Amino acid sequence: MTNTPVRTRMAPSPTGELHVGSFSIILKNYAFAKKHGGQFVLRVEDTDKVREVEGAGERLLNTIKAYGLSWDEGPDVGGPHAPYTQSERLDLYVEKANELVESGHAYHCFCSREKLEAVREKAREEKRPPKYDRHCRNLSKEEVVKKLSENGEFVIRLAVPDNRSIVYTDLIRGDIEVNSDIIDDQVLLKSDGFPTYHLAVVVDDNDMEISHIMRGEEWLSSTPKHILLYEAFGWKPPVFAHIPIYLNPNGKGKMSKRKGDVSAQSFLDKGYLPEALLNFFMILGWTPKDQRDIISLEEYVQEFDPQDISKKSVAFDIDKLNWLNGVYIRKMWDENQVDLVTRLEKFTPTDFPQAKLDQILPLIYERLEKLSDIEELSDFFYRDIKVDRSLLLKKADKELVSKQLDELYAGLNEIEWTTSEIEKVVRSIQEEHDYKKNQFFMMVRIAVTGKKATPPLFETIEVLGKDLTLRRLKLALT
RNA sequence: GGCCCCAUCGUCUAUCGGUUAGGACAUCAGGUUUUCAUCCUGAAAAGCGGGGUUCGACUCCCCGUGGGGUCACCA
């Protein structure tokens, strides 16, 4: 426990959809800040003009909000360290880069991209690590001034010290040590005047007084560069925690687009509840002390500790997500049906008979795994069905089925349309002729719904209505 | 390939030197049920390999193996 206020941040870049892995990290940063009464900052890292996607920044923010998370400081809400969009902070980075040049921790580099590529290529051929050859590192002050005055393109690079041990502590992994010789003289300021990620994060995290950096494991190996930068500036580095990445559901390889949708928004669009998704992200790679699977955001904020995050990359277990979502849907049915109905709206087909929703929903809610399942589970109530003849005649010949259908028609035609009356009639027909239960009831089910799996038969028939039921009985074999 | 990280049931995990290695999802079987689902009960299922350290290792150390990450004027 420290006395410095806890401030965390997430800094997505607007180059596409927000990845579920990134979202999961947002959740952790959010929870940790809340747990310690600190602030969670959202910063947009739009320093790559080439890859930037129009509108992605706004969509990013909307997705996070759709999950029910919020930030204390950010591009839209402002804050004491505004602006929170890096492209609006360019002057700061240039100033800091120049500071580093002044102090000898960085230098101007005039090498062309072609030359750099050639150097890398050569290194690869010779099976050496592809590093910049430091051609410009020893340029004299005069040479630099001269080249700058010639208006040539340049970048500013970090002057990485030779053979130095860089040690830092990761909250999840403990002490990590690397030798500076493997670190490239990283570009800090690009020739277009924009900073690279490495310069920008360090400058901004320091400026915004970020106390804990929780980010994806893919940043683990560039952390030494950041440590070097903190040292060069004379700043105290924050606490680092590198969070394992998500693997594909089969446990092989980083979760990627090629294996299906990986954007945080897409799961919402598919009919997963934000609460269930949040819960899933919580327990993937972390378990509360009592090992329970169902945990609310409030509880998570209380109980989460980044030190307890699993060290290993974890498979994105869709089966578990599906189960969790079902649990949440059933829970919502028990606790707040109005809310369930509201959430379902987006996924309800336009031809769904709203007037019958109160009758249909009780029959299908516990079968919903995703909200979007509503269509498939209810369509026979309001759309024409197609009866598979071979299924209908699977356990009885045509004569028998035809007879059964006639008997049902006659019986049902007579009665008052209630579940109990329907049940009485259908059962008595079955008993009277001693029809095989599984044949008879399955035949009826298929005849009136076209499906092998449906909610309980008598309730279903009641909701279907007399007209539709009788018509389907009549048409079943045609 | 270099460097870094990691390693308990199929999956996510508990254990933190002494346990019949526990739980959840998935799977299978049984019960409830006319189907499916829900619900209940039960079963099968794990310490990557080899060396140490120790009276005793899943647990600590080393090597191997396997997996992952990273090596850009991308983040």
# chains A, B, ... in the order shown; residues from 1 in each chain; ligands from 1
$ interface_residues --of "chain B" --to "chain A" --cutoff "8 Å" --atoms "only C-alpha atoms (C1' of nucleotides)" --output "number ranges by chain"
B: 1-4, 6-7, 11-14, 23-26, 34-38, 68-71, 73-75
$ select_by_dssp --residues "region 103-341 of chain A" --states "alpha helix (DSSP H)" --output "PyMOL selection string"
chain A and resi 113-125+141-149+197-207+223-233+264-269+274-283+297-303+318-335+337-341
$ residues_around --residues "Leu229 (chain A)" --least-positions-apart "5" --cutoff "9 Å" --atoms "only C-alpha atoms (C1' of nucleotides)" --output "ChimeraX atom specification"
/A:100,105,158,198-199,202-203,224,234-235
$ write_last_selection --atoms "N, CA and C atoms" --output "PDB file, in the first residue's frame"
ATOM      1  N   LEU A 100      15.775  15.414 -24.532  1.00  0.00           N
ATOM      2  CA  LEU A 100      16.602  14.213 -24.502  1.00  0.00           C
ATOM      3  C   LEU A 100      17.845  14.376 -25.378  1.00  0.00           C
ATOM      4  N   HIS A 105      20.729  11.864 -24.361  1.00  0.00           N
ATOM      5  CA  HIS A 105      20.061  10.565 -24.291  1.00  0.00           C
ATOM      6  C   HIS A 105      19.390  10.186 -25.606  1.00  0.00           C
ATOM      7  N   LEU A 158      16.490   7.105 -29.533  1.00  0.00           N
ATOM      8  CA  LEU A 158      16.989   6.925 -28.179  1.00  0.00           C
ATOM      9  C   LEU A 158      18.403   6.366 -28.245  1.00  0.00           C
ATOM     10  N   HIS A 198       6.395   4.688 -27.893  1.00  0.00           N
ATOM     11  CA  HIS A 198       7.302   4.624 -26.742  1.00  0.00           C
ATOM     12  C   HIS A 198       7.554   5.971 -26.089  1.00  0.00           C
ATOM     13  N   LEU A 199       7.727   6.981 -26.911  1.00  0.00           N
ATOM     14  CA  LEU A 199       7.934   8.315 -26.347  1.00  0.00           C
ATOM     15  C   LEU A 199       6.630   8.813 -25.743  1.00  0.00           C
ATOM     16  N   VAL A 202       5.397   7.210 -22.335  1.00  0.00           N
ATOM     17  CA  VAL A 202       6.193   7.586 -21.169  1.00  0.00           C
ATOM     18  C   VAL A 202       5.919   9.038 -20.790  1.00  0.00           C
ATOM     19  N   VAL A 203       5.933   9.904 -21.787  1.00  0.00           N
ATOM     20  CA  VAL A 203       5.678  11.317 -21.520  1.00  0.00           C
ATOM     21  C   VAL A 203       4.288  11.512 -20.931  1.00  0.00           C
ATOM     22  N   PRO A 224      11.705  -2.382 -21.105  1.00  0.00           N
ATOM     23  CA  PRO A 224      13.055  -1.850 -20.829  1.00  0.00           C
ATOM     24  C   PRO A 224      13.327  -0.506 -21.508  1.00  0.00           C
ATOM     25  N   GLY A 234      14.753  11.372 -15.812  1.00  0.00           N
ATOM     26  CA  GLY A 234      14.875  11.554 -14.370  1.00  0.00           C
ATOM     27  C   GLY A 234      13.538  11.397 -13.667  1.00  0.00           C
ATOM     28  N   TRP A 235      12.663  10.587 -14.260  1.00  0.00           N
ATOM     29  CA  TRP A 235      11.342  10.374 -13.675  1.00  0.00           C
ATOM     30  C   TRP A 235      11.264   9.028 -12.972  1.00  0.00           C
TER      31      TRP A 235
END
$ residues_around --residues "Pro161 (chain A)" --least-positions-apart "5" --cutoff "9 Å" --atoms "only C-alpha atoms (C1' of nucleotides)" --output "ChimeraX atom specification"
/A:105,180-181,228
$ write_last_selection --atoms "N, CA and C atoms" --output "PDB file, in the first residue's frame"
ATOM      1  N   HIS A 105      20.729  11.864 -24.361  1.00  0.00           N
ATOM      2  CA  HIS A 105      20.061  10.565 -24.291  1.00  0.00           C
ATOM      3  C   HIS A 105      19.390  10.186 -25.606  1.00  0.00           C
ATOM      4  N   SER A 180      20.860  -4.306 -22.020  1.00  0.00           N
ATOM      5  CA  SER A 180      20.552  -3.218 -22.942  1.00  0.00           C
ATOM      6  C   SER A 180      21.047  -3.483 -24.367  1.00  0.00           C
ATOM      7  N   ASP A 181      21.989  -4.389 -24.512  1.00  0.00           N
ATOM      8  CA  ASP A 181      22.535  -4.650 -25.851  1.00  0.00           C
ATOM      9  C   ASP A 181      21.502  -5.190 -26.838  1.00  0.00           C
ATOM     10  N   LEU A 228      14.323   2.909 -19.607  1.00  0.00           N
ATOM     11  CA  LEU A 228      15.445   3.766 -20.030  1.00  0.00           C
ATOM     12  C   LEU A 228      14.977   5.216 -20.200  1.00  0.00           C
TER      13      LEU A 228
END
$ atom_distance --atom1 "CA of Ser70 (chain A)" --atom2 "CA of Tyr328 (chain A)"
21.8 Å
$ select_by_dssp --residues "region 154-283 of chain A" --states "strand (DSSP E)" --output "PyMOL selection string"
chain A and resi 155-158+165-170+174-179+187-189+212-216+239-243+246-247
$ residues_around --residues "region 49-61 of chain B" --least-positions-apart "5" --cutoff "8 Å" --atoms "only C-alpha atoms (C1' of nucleotides)" --output "PyMOL selection string"
chain B and resi 8+16-18
$ closest_residue --among "A:Ala66, A:Ala56, A:Val387, A:Ile415" --to "Arg472 (chain A)" --atoms "only C-alpha atoms"
A:Val387
$ closest_residue --among "A:Ala200, A:Ile360, A:Leu297, A:Leu116" --to "Tyr230 (chain A)" --atoms "only C-alpha atoms"
A:Ala200
$ residues_around --residues "A45 (chain B)" --least-positions-apart "5" --cutoff "10 Å" --atoms "only C-alpha atoms (C1' of nucleotides)" --output "MDAnalysis selection string"
chainID B and resid 9:10 27
$ closest_residue --among "B:A72, B:G64, B:U15, B:G31" --to "C48 (chain B)" --atoms "only C-alpha atoms (C1' of nucleotides)"
B:G64
$ residues_around --residues "region 31-33 of chain A" --least-positions-apart "2" --cutoff "12 Å" --atoms "only C-alpha atoms (C1' of nucleotides)" --output "PyMOL selection string"
chain A and resi 5-10+24-29+35-41+69-72+210-214+241+278+281-282+296-307
$ atom_distance --atom1 "CA of Leu357 (chain A)" --atom2 "CA of Arg383 (chain A)"
14.6 Å
